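Asker: This is final-v8.cif (mmCIF, C-alpha atoms).
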```cif
data_target
#
loop_
_atom_site.label_atom_id
_atom_site.label_comp_id
_atom_site.auth_asym_id
_atom_site.auth_seq_id
_atom_site.Cartn_x
_atom_site.Cartn_y
_atom_site.Cartn_z
CA MET A 17 9.75 22.90 38.99
CA THR A 18 12.96 20.91 39.44
CA ASP A 19 14.00 18.36 36.81
CA ARG A 20 13.27 15.44 39.12
CA LYS A 21 9.76 16.75 39.92
CA THR A 22 9.10 17.35 36.23
CA ASP A 23 10.18 13.80 35.47
CA THR A 24 7.94 12.35 38.17
CA VAL A 25 4.89 14.33 37.03
CA PHE A 26 5.59 13.41 33.44
CA GLN A 27 6.03 9.69 34.21
CA TYR A 28 2.83 9.59 36.23
CA LEU A 29 0.84 11.26 33.46
CA LEU A 30 2.49 9.16 30.76
CA ASP A 31 1.51 5.93 32.52
CA ALA A 32 -2.04 7.26 32.82
CA LEU A 33 -1.96 8.13 29.13
CA ILE A 34 -0.77 4.63 28.16
CA ARG A 35 -3.45 3.00 30.34
CA HIS A 36 -6.41 5.15 29.38
CA LYS A 37 -5.33 6.21 25.89
CA GLU A 38 -6.39 9.78 26.56
CA ILE A 39 -5.86 12.32 29.32
CA ILE A 40 -6.73 15.96 29.72
CA ILE A 41 -3.53 17.92 30.00
CA ASP A 42 -3.58 20.35 32.87
CA GLU A 43 -2.63 23.78 31.58
CA THR A 44 -1.10 24.80 34.88
CA LEU A 45 1.73 22.33 34.28
CA PRO A 46 5.06 23.71 33.01
CA ILE A 47 4.98 24.31 29.23
CA ASP A 48 7.75 21.78 28.69
CA VAL A 49 5.81 18.98 30.41
CA GLN A 50 2.66 19.95 28.49
CA GLU A 51 4.52 19.76 25.19
CA ASP A 52 6.14 16.44 26.05
CA LEU A 53 2.75 15.04 26.98
CA ARG A 54 1.13 16.30 23.79
CA PHE A 55 3.92 14.69 21.84
CA ALA A 56 3.47 11.43 23.80
CA GLN A 57 -0.27 11.65 23.12
CA TRP A 58 0.44 11.95 19.41
CA MET A 59 2.87 9.01 19.58
CA GLN A 60 0.13 7.02 21.26
CA THR A 61 -2.05 7.46 18.18
CA LEU A 62 0.57 5.96 15.86
CA ASP A 63 -0.35 2.41 14.99
CA PHE A 64 1.90 0.56 12.58
CA SER A 65 0.02 -2.72 12.78
CA PRO A 66 -2.31 -2.07 9.78
CA GLU A 67 0.88 -2.01 7.67
CA SER A 68 1.69 -5.57 8.60
CA GLN A 69 1.35 -7.99 5.72
CA VAL A 70 1.77 -11.03 7.88
CA ASN A 71 -1.15 -11.00 10.32
CA HIS A 72 -3.72 -13.20 8.58
CA ALA A 73 -1.28 -15.60 6.97
CA LEU A 74 0.59 -15.98 10.26
CA ARG A 75 -2.68 -16.64 12.05
CA ARG A 76 -3.46 -19.47 9.63
CA LEU A 77 0.04 -20.89 10.03
CA LEU A 78 -0.22 -20.77 13.82
CA GLU A 79 -3.64 -22.43 13.75
CA LYS A 80 -2.12 -25.30 11.78
CA GLN A 81 0.82 -25.53 14.19
CA VAL A 82 -1.48 -25.46 17.20
CA ASP A 83 -3.59 -28.26 15.66
CA LEU A 84 -0.44 -30.30 15.09
CA VAL A 85 0.64 -29.80 18.70
CA ALA A 86 -2.85 -30.73 19.93
CA SER A 87 -3.05 -33.89 17.81
CA ALA A 88 0.47 -34.92 18.86
CA GLN A 89 -0.61 -34.54 22.48
CA GLN A 90 -3.74 -36.65 21.87
CA ARG A 91 -1.64 -39.33 20.15
CA ARG A 92 0.78 -39.38 23.07
CA LEU A 93 -2.13 -39.75 25.50
CA ALA A 94 -3.62 -42.56 23.42
CA GLU A 95 -0.26 -44.37 23.37
CA GLU A 96 0.13 -44.01 27.10
CA ALA A 97 -3.43 -45.22 27.79
CA PRO A 98 -2.92 -49.02 27.19
CA VAL A 99 -0.13 -49.03 29.78
CA SER A 100 -2.30 -47.45 32.40
CA ARG A 101 -5.32 -49.60 31.48
CA ARG A 102 -3.45 -52.90 31.65
CA PRO A 103 -6.14 -55.64 32.24
CA ARG A 104 -6.47 -56.51 35.88
CA ILE A 105 -6.21 -60.10 37.11
CA SER A 106 -9.48 -62.06 36.57
CA LEU A 107 -11.55 -63.38 39.50
CA PRO A 108 -11.05 -67.14 38.77
CA ALA A 109 -7.30 -66.60 38.49
CA LEU A 110 -7.32 -64.74 41.80
CA VAL A 111 -9.31 -67.54 43.50
CA GLY A 112 -6.91 -70.09 42.02
CA LEU A 113 -3.92 -68.16 43.30
CA ILE A 114 -5.41 -67.90 46.78
CA ILE A 115 -6.27 -71.62 46.87
CA GLY A 116 -2.82 -72.50 45.58
CA GLY A 117 -1.20 -70.30 48.19
CA ILE A 118 -3.27 -71.77 51.01
CA SER A 119 -2.53 -75.34 49.94
CA MET A 120 1.19 -74.62 49.76
CA VAL A 121 1.18 -73.15 53.26
CA THR A 122 -0.88 -76.10 54.54
CA ALA A 123 1.50 -78.61 52.96
CA ALA A 124 4.52 -76.85 54.46
CA LEU A 125 2.91 -76.80 57.92
CA PHE A 126 1.93 -80.47 57.59
CA LEU A 127 5.49 -81.44 56.77
CA LEU A 128 6.91 -79.39 59.62
CA LEU A 129 4.50 -80.79 62.20
CA ARG A 130 4.91 -84.38 61.00
CA ARG A 131 8.69 -84.57 61.14
CA PRO A 132 9.13 -84.50 64.96
CA LYS A 133 6.64 -87.42 65.33
CA GLU A 134 8.65 -89.53 62.86
CA ASN A 135 11.80 -88.70 64.81
CA ILE A 136 10.16 -89.82 68.07
CA SER A 137 8.90 -93.11 66.65
CA GLU A 138 12.35 -93.93 65.25
CA GLU A 139 13.88 -93.41 68.67
CA MET B 17 -7.68 -0.56 37.10
CA ASN B 18 -10.22 -3.36 37.42
CA GLY B 19 -10.10 -3.81 33.68
CA VAL B 20 -6.35 -4.29 33.83
CA LYS B 21 -6.68 -6.82 36.68
CA ASN B 22 -9.34 -8.81 34.84
CA LEU B 23 -7.25 -8.82 31.72
CA ASN B 24 -4.31 -10.28 33.64
CA VAL B 25 -6.45 -13.03 35.13
CA GLU B 26 -7.88 -13.79 31.70
CA GLU B 27 -4.37 -13.87 30.25
CA LYS B 28 -3.17 -16.24 32.97
CA VAL B 29 -6.02 -18.65 32.32
CA LEU B 30 -5.51 -18.44 28.59
CA ALA B 31 -1.76 -18.91 28.81
CA SER B 32 -1.96 -21.87 31.19
CA ASN B 33 -4.29 -23.58 28.70
CA ALA B 34 -2.45 -22.45 25.62
CA GLY B 35 -0.45 -25.64 25.18
CA HIS B 36 -3.61 -27.73 25.22
CA GLN B 37 -6.24 -25.66 23.49
CA ALA B 38 -5.84 -24.18 20.07
CA GLU B 39 -8.41 -21.51 20.78
CA SER B 40 -6.49 -20.27 23.83
CA PHE B 41 -3.27 -19.64 21.97
CA MET B 42 -5.10 -18.01 19.11
CA ALA B 43 -6.93 -15.76 21.58
CA LEU B 44 -3.55 -14.70 22.98
CA TYR B 45 -2.32 -14.11 19.46
CA ASP B 46 -5.26 -11.81 18.74
CA LEU B 47 -4.70 -10.00 22.02
CA TYR B 48 -1.00 -9.39 21.39
CA PHE B 49 -0.43 -9.22 17.65
CA ASN B 50 -0.71 -5.40 17.34
CA ARG B 51 1.45 -4.77 20.38
CA VAL B 52 4.17 -7.16 19.23
CA TYR B 53 4.16 -5.79 15.70
CA ASN B 54 4.25 -2.19 16.93
CA TYR B 55 7.12 -2.96 19.30
CA VAL B 56 9.13 -4.59 16.52
CA ARG B 57 8.32 -1.76 14.13
CA TYR B 58 9.50 0.83 16.63
CA ARG B 59 12.82 -1.01 16.61
CA CYS B 60 13.13 -1.91 12.91
CA TYR B 61 12.73 0.51 10.05
CA ASP B 62 12.22 -2.22 7.45
CA PRO B 63 8.60 -3.48 7.40
CA GLN B 64 9.62 -6.81 5.90
CA VAL B 65 12.02 -7.45 8.77
CA ALA B 66 9.31 -6.40 11.23
CA ASP B 67 6.88 -8.90 9.67
CA ASP B 68 9.44 -11.65 9.79
CA LEU B 69 10.48 -10.99 13.39
CA THR B 70 6.84 -10.81 14.49
CA ALA B 71 6.14 -14.17 12.84
CA GLN B 72 9.23 -15.73 14.41
CA SER B 73 8.24 -14.38 17.83
CA PHE B 74 4.84 -16.05 17.82
CA LEU B 75 6.19 -19.31 16.41
CA LYS B 76 8.83 -19.41 19.12
CA ALA B 77 6.24 -18.56 21.79
CA LEU B 78 4.07 -21.45 20.61
CA SER B 79 6.97 -23.89 20.63
CA ARG B 80 7.87 -22.84 24.19
CA ILE B 81 4.40 -22.37 25.63
CA SER B 82 4.73 -25.51 27.76
CA THR B 83 7.58 -23.83 29.67
CA TYR B 84 5.49 -20.75 30.56
CA ASN B 85 4.60 -20.49 34.23
CA ALA B 86 1.74 -18.08 34.87
CA ASP B 87 2.69 -17.70 38.55
CA LYS B 88 6.16 -16.39 37.72
CA ALA B 89 5.33 -13.62 35.25
CA PRO B 90 2.42 -12.18 33.27
CA PHE B 91 2.11 -13.63 29.80
CA GLY B 92 2.96 -10.27 28.20
CA ALA B 93 6.30 -10.04 30.02
CA TRP B 94 7.16 -13.60 28.97
CA LEU B 95 6.19 -12.94 25.36
CA PHE B 96 8.07 -9.65 25.12
CA ALA B 97 11.20 -11.27 26.56
CA ILE B 98 11.10 -13.60 23.53
CA VAL B 99 10.44 -10.73 21.11
CA ARG B 100 13.25 -8.58 22.54
CA ASN B 101 15.73 -11.44 22.29
CA LEU B 102 14.82 -12.04 18.67
CA VAL B 103 15.20 -8.37 17.77
CA SER B 104 18.54 -8.17 19.58
CA ASP B 105 19.71 -11.34 17.80
CA TYR B 106 18.69 -9.79 14.52
CA TYR B 107 20.86 -6.73 15.15
CA ARG B 108 23.77 -8.88 16.35
CA HIS B 109 23.74 -11.03 13.21
CA GLU B 110 22.26 -8.48 10.82
CA LYS B 111 24.74 -9.24 8.02
CA LYS B 112 24.11 -12.98 8.18
CA TYR B 113 20.36 -12.61 8.52
CA ASN B 114 18.24 -14.19 5.80
CA LEU B 115 14.95 -12.45 5.56
CA VAL B 116 12.67 -15.31 4.65
CA ASP B 117 12.97 -18.98 3.87
CA ILE B 118 11.57 -19.79 0.45
CA GLU B 119 9.17 -22.28 2.05
CA ASP B 120 7.70 -19.57 4.24
CA ALA B 121 7.69 -16.86 1.58
CA GLU B 122 4.01 -17.41 0.85
CA PHE B 123 2.85 -15.95 4.13
CA ILE B 124 5.15 -12.95 3.95
CA VAL B 125 4.16 -11.67 0.54
CA GLN B 126 0.44 -12.19 0.93
CA PRO B 127 -1.29 -8.86 1.33
CA CYS B 128 -3.11 -8.29 4.57
CA GLU B 129 -6.86 -8.47 3.95
CA ASN B 130 -7.69 -5.69 6.39
CA ARG B 131 -4.98 -3.34 5.28
CA ASP B 132 -6.15 0.18 5.65
CA LEU B 133 -5.71 1.58 2.19
CA GLU B 134 -7.46 4.79 3.06
CA GLU B 135 -4.77 5.94 5.45
CA SER B 136 -4.04 9.50 4.55
CA ALA B 137 -0.78 10.50 2.93
CA GLU B 138 -0.21 12.85 5.85
CA GLN B 139 -0.46 10.02 8.39
CA ARG B 140 1.89 7.88 6.34
CA GLU B 141 4.39 10.70 6.17
CA GLU B 142 4.16 11.23 9.93
CA LYS B 143 4.93 7.57 10.52
CA ILE B 144 7.92 7.65 8.19
CA LYS B 145 9.29 10.73 9.93
CA MET B 146 8.81 9.07 13.27
CA LEU B 147 10.66 5.94 12.14
CA GLN B 148 13.49 8.07 10.79
CA ALA B 149 13.72 9.91 14.11
CA LEU B 150 13.68 6.60 16.00
CA ASP B 151 16.57 5.40 13.88
CA LYS B 152 18.70 8.20 15.34
CA LEU B 153 18.12 7.12 18.96
CA PRO B 154 20.69 4.97 20.82
CA SER B 155 19.51 1.37 20.83
CA ARG B 156 18.72 1.20 24.55
CA GLN B 157 16.56 4.32 24.41
CA ARG B 158 14.87 3.03 21.29
CA ASP B 159 14.11 -0.24 23.05
CA LEU B 160 12.55 1.58 26.00
CA ILE B 161 10.45 3.84 23.76
CA ALA B 162 9.33 0.73 21.84
CA LEU B 163 8.36 -1.02 25.06
CA LYS B 164 6.49 2.03 26.28
CA PHE B 165 4.59 2.96 23.13
CA GLY B 166 4.73 -0.19 21.03
CA SER B 167 4.03 -2.82 23.65
CA GLU B 168 2.18 -0.37 25.95
CA MET B 169 3.89 -1.63 29.10
CA THR B 170 4.07 0.26 32.37
CA ASN B 171 7.40 1.48 33.74
CA ARG B 172 7.23 -1.25 36.39
CA ASP B 173 6.88 -4.03 33.80
CA ILE B 174 9.61 -2.49 31.65
CA ALA B 175 11.89 -2.30 34.69
CA ARG B 176 11.29 -6.00 35.44
CA LEU B 177 12.02 -6.94 31.86
CA THR B 178 15.14 -4.82 31.38
CA GLY B 179 16.65 -5.05 34.85
CA LEU B 180 16.65 -1.25 35.23
CA THR B 181 14.99 0.55 38.13
CA GLU B 182 11.51 1.95 37.60
CA GLN B 183 12.84 5.46 38.14
CA ASN B 184 15.58 4.91 35.60
CA VAL B 185 13.10 3.66 33.00
CA GLY B 186 10.97 6.76 33.51
CA VAL B 187 13.91 9.12 33.14
CA LEU B 188 15.21 7.36 30.01
CA VAL B 189 11.76 7.29 28.38
CA HIS B 190 11.30 10.99 29.11
CA ARG B 191 14.71 11.79 27.64
CA GLY B 192 13.90 9.63 24.62
CA ILE B 193 10.68 11.53 24.02
CA LYS B 194 12.50 14.87 24.26
CA THR B 195 15.15 13.68 21.80
CA LEU B 196 12.53 12.41 19.36
CA ARG B 197 10.66 15.69 19.56
CA LYS B 198 13.88 17.55 18.86
CA HIS B 199 14.72 15.35 15.85
CA LEU B 200 11.23 15.79 14.40
CA GLN B 201 11.30 19.54 14.90
CA GLU B 202 14.70 19.74 13.23
CA GLY B 203 13.33 17.67 10.34
CA GLU B 204 10.42 20.08 9.94
CA LYS B 205 12.73 23.10 9.87
CA VAL B 206 14.82 21.52 7.10
#
```
Please, can you express the file's structure as structure tokens?

Answerer:
Amino acid sequence: MTDRKTDTVFQYLLDALIRHKEIIIDETLPIDVQEDLRFAQWMQTLDFSPESQVNHALRRLLEKQVDLVASAQQRRLAEEAPVSRRPRISLPALVGLIIGGISMVTAALFLLLRRPKENISEE
Amino acid sequence: MNGVKNLNVEEKVLASNAGHQAESFMALYDLYFNRVYNYVRYRCYDPQVADDLTAQSFLKALSRISTYNADKAPFGAWLFAIVRNLVSDYYRHEKKYNLVDIEDAEFIVQPCENRDLEESAEQREEKIKMLQALDKLPSRQRDLIALKFGSEMTNRDIARLTGLTEQNVGVLVHRGIKTLRKHLQEGEKV
């Protein structure tokens, strides 16, 4: 088998090994590929994580940090809320505004319509 | 394959909620802790440094989780980009590097509750030999081996992360395995 073919076969089987944790090595493969795969299979069994001294303490620290982030977000939302829930204009005020507006328009129209008559009478 | 697909969907949902829900980030932490620690350990001989870099990786990921976009990349790729940068920074500034701040020392020296004390002496020795052999690899090859076996990524994901072609990743990983095998065999002969 050429080097390139060996590489391709090896890569395919290695990906399968990583995904499924275990594969049956075909004994018709070149000895070199078989040995590399056996070695990769052994490497796959190495797990350093039980040696870690940080896992549980780090988890606790992260939980605290996450809680801080969450409460900061809630506080920000609570601070933003009064702005969005600004009290709307009350009904009596609205009626007053409408009446005021109408009377102003009426007064303006009255003045405009009255002026020409005064001008005529003066003449 | 379905399992892998489902896991990615689950990861996406978890990661997009991670900034808002404590449980989501902690679920991601549980899903990735072993892989992150193993990756860092493949790259650093010193277990104390590995602990510290793992802790820094997750703290940084949490502080940046709001910038993660699940549509752009899987959570694992995003997380391992952070981890790789931290490990590279460590090697760049190794002399200046302070292992642990006194304030944080408490969580570094605490023994892990689930530590497997019954691990056989033979297994421990195998791991040490492996770490010694890894130390002899060029840093790029060591990184690729760590991504392959520590973080359990596929060649495609490694290629995306490193900017190499998928074919190139495969060839370099294969060469790395051959070199490791050679170093370990030489060690046994001595």

Asker: Can you check which parts of chain A lie within 9 Å of chain B? Per residue, the shortest pair of atoms and distance in Å to one decimal, counting only C-alpha atoms, sorted by chain and number, as a tab-separated table.

Answerer:
```
residue	atom	partner	partner_atom	distance
A:Arg20	CA	B:Val187	CA	8.7
A:Asp23	CA	B:Val187	CA	6.4
A:Thr24	CA	B:Gly186	CA	7.9
A:Phe26	CA	B:His190	CA	7.6
A:Gln27	CA	B:Gly186	CA	5.8
A:Asp31	CA	B:Thr170	CA	6.2
A:Ile34	CA	B:Glu168	CA	6.2
A:Arg35	CA	B:Glu168	CA	7.9
A:Asp52	CA	B:Lys194	CA	6.8
A:Phe55	CA	B:Arg197	CA	7.2
A:Ala56	CA	B:Ile193	CA	7.2
A:Met59	CA	B:Phe165	CA	7.2
A:Gln60	CA	B:Phe165	CA	6.3
A:Leu62	CA	B:Lys143	CA	7.1
A:Asp63	CA	B:Asn54	CA	6.8
A:Phe64	CA	B:Asn54	CA	5.7
A:Ser65	CA	B:Asn50	CA	5.3
A:Pro66	CA	B:Arg131	CA	5.4
A:Glu67	CA	B:Arg131	CA	6.5
A:Ser68	CA	B:Asp67	CA	6.3
A:Gln69	CA	B:Cys128	CA	4.6
A:Val70	CA	B:Ile124	CA	5.5
A:Asn71	CA	B:Cys128	CA	6.7
A:His72	CA	B:Cys128	CA	6.4
A:Ala73	CA	B:Phe123	CA	5.0
A:Leu74	CA	B:Ala71	CA	6.4
A:Arg75	CA	B:Met42	CA	7.6
A:Leu77	CA	B:Phe123	CA	8.2
A:Leu78	CA	B:Leu75	CA	7.1
A:Glu79	CA	B:Ala38	CA	6.9
A:Gln81	CA	B:Leu78	CA	8.3
A:Val82	CA	B:Ala38	CA	5.4
A:Asp83	CA	B:Ala38	CA	6.4
A:Val85	CA	B:Gly35	CA	7.8
A:Ala86	CA	B:His36	CA	6.1
A:Gln89	CA	B:His36	CA	7.9
```

Asker: Return as number ranges by chain the set of residues that the PyMOL selection byres ((chain B and resi 91) around 9) yields on the displayed structure.

Answerer: B: 24, 27-28, 31, 44, 84-86, 89-90, 92-96

Asker: Taking all atoms listed in the file into account, which of B:Tyr48, B:Glu138, B:Thr195, B:Ala97 comes nearest Ile174 in chain B?

Answerer: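 Once distances to Ile174 in chain B are computed over all atoms listed in the file, the minimum belongs to B:Ala97.
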
Asker: So how far away is CA of Tyr28 in chain A from CA of Val49 in chain A, in Å?

Answerer: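 Between CA of Val49 in chain A and CA of Tyr28 in chain A the gap is 11.4 Å.
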
Asker: Please report the interatomic distance between CA of Arg176 in chain B and CA of Val65 in chain B in Å with one decimal.

Answerer: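 Calculated distance between CA of Arg176 in chain B and CA of Val65 in chain B is 26.7 Å.
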
Asker: What's the separation between CA of Thr178 in chain B and CA of Lys198 in chain B, in Å to one decimal place?

Answerer: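 The value is 25.7 Å.
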
Asker: For Tyr61 in chain B, which of B:Glu202, B:Asp151, B:Asp173, B:Glu182 is the closest residue, counting only C-alpha atoms?

Answerer: B:Asp151

Asker: Translate the PyMOL selection byres ((chain B and resi 105-108) around 12), as applied to the file shown, into an explicit residue set as a PyMOL selection string.

Answerer: chain B and resi 56+59-60+65-66+68-70+72-73+98-104+109-115+155

Asker: Write the residues of the selection above to a file with C-alpha atoms, as a PDB file, keeping the file's coordinate frame.

Answerer:
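The new file selection27.pdb reads:
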```pdb
ATOM      1  CA  VAL B  56       9.130  -4.590  16.520  1.00  0.00           C
ATOM      2  CA  ARG B  59      12.820  -1.010  16.610  1.00  0.00           C
ATOM      3  CA  CYS B  60      13.130  -1.910  12.910  1.00  0.00           C
ATOM      4  CA  VAL B  65      12.020  -7.450   8.770  1.00  0.00           C
ATOM      5  CA  ALA B  66       9.310  -6.400  11.230  1.00  0.00           C
ATOM      6  CA  ASP B  68       9.440 -11.650   9.790  1.00  0.00           C
ATOM      7  CA  LEU B  69      10.480 -10.990  13.390  1.00  0.00           C
ATOM      8  CA  THR B  70       6.840 -10.810  14.490  1.00  0.00           C
ATOM      9  CA  GLN B  72       9.230 -15.730  14.410  1.00  0.00           C
ATOM     10  CA  SER B  73       8.240 -14.380  17.830  1.00  0.00           C
ATOM     11  CA  ILE B  98      11.100 -13.600  23.530  1.00  0.00           C
ATOM     12  CA  VAL B  99      10.440 -10.730  21.110  1.00  0.00           C
ATOM     13  CA  ARG B 100      13.250  -8.580  22.540  1.00  0.00           C
ATOM     14  CA  ASN B 101      15.730 -11.440  22.290  1.00  0.00           C
ATOM     15  CA  LEU B 102      14.820 -12.040  18.670  1.00  0.00           C
ATOM     16  CA  VAL B 103      15.200  -8.370  17.770  1.00  0.00           C
ATOM     17  CA  SER B 104      18.540  -8.170  19.580  1.00  0.00           C
ATOM     18  CA  HIS B 109      23.740 -11.030  13.210  1.00  0.00           C
ATOM     19  CA  GLU B 110      22.260  -8.480  10.820  1.00  0.00           C
ATOM     20  CA  LYS B 111      24.740  -9.240   8.020  1.00  0.00           C
ATOM     21  CA  LYS B 112      24.110 -12.980   8.180  1.00  0.00           C
ATOM     22  CA  TYR B 113      20.360 -12.610   8.520  1.00  0.00           C
ATOM     23  CA  ASN B 114      18.240 -14.190   5.800  1.00  0.00           C
ATOM     24  CA  LEU B 115      14.950 -12.450   5.560  1.00  0.00           C
ATOM     25  CA  SER B 155      19.510   1.370  20.830  1.00  0.00           C
TER      26      SER B 155
END
```
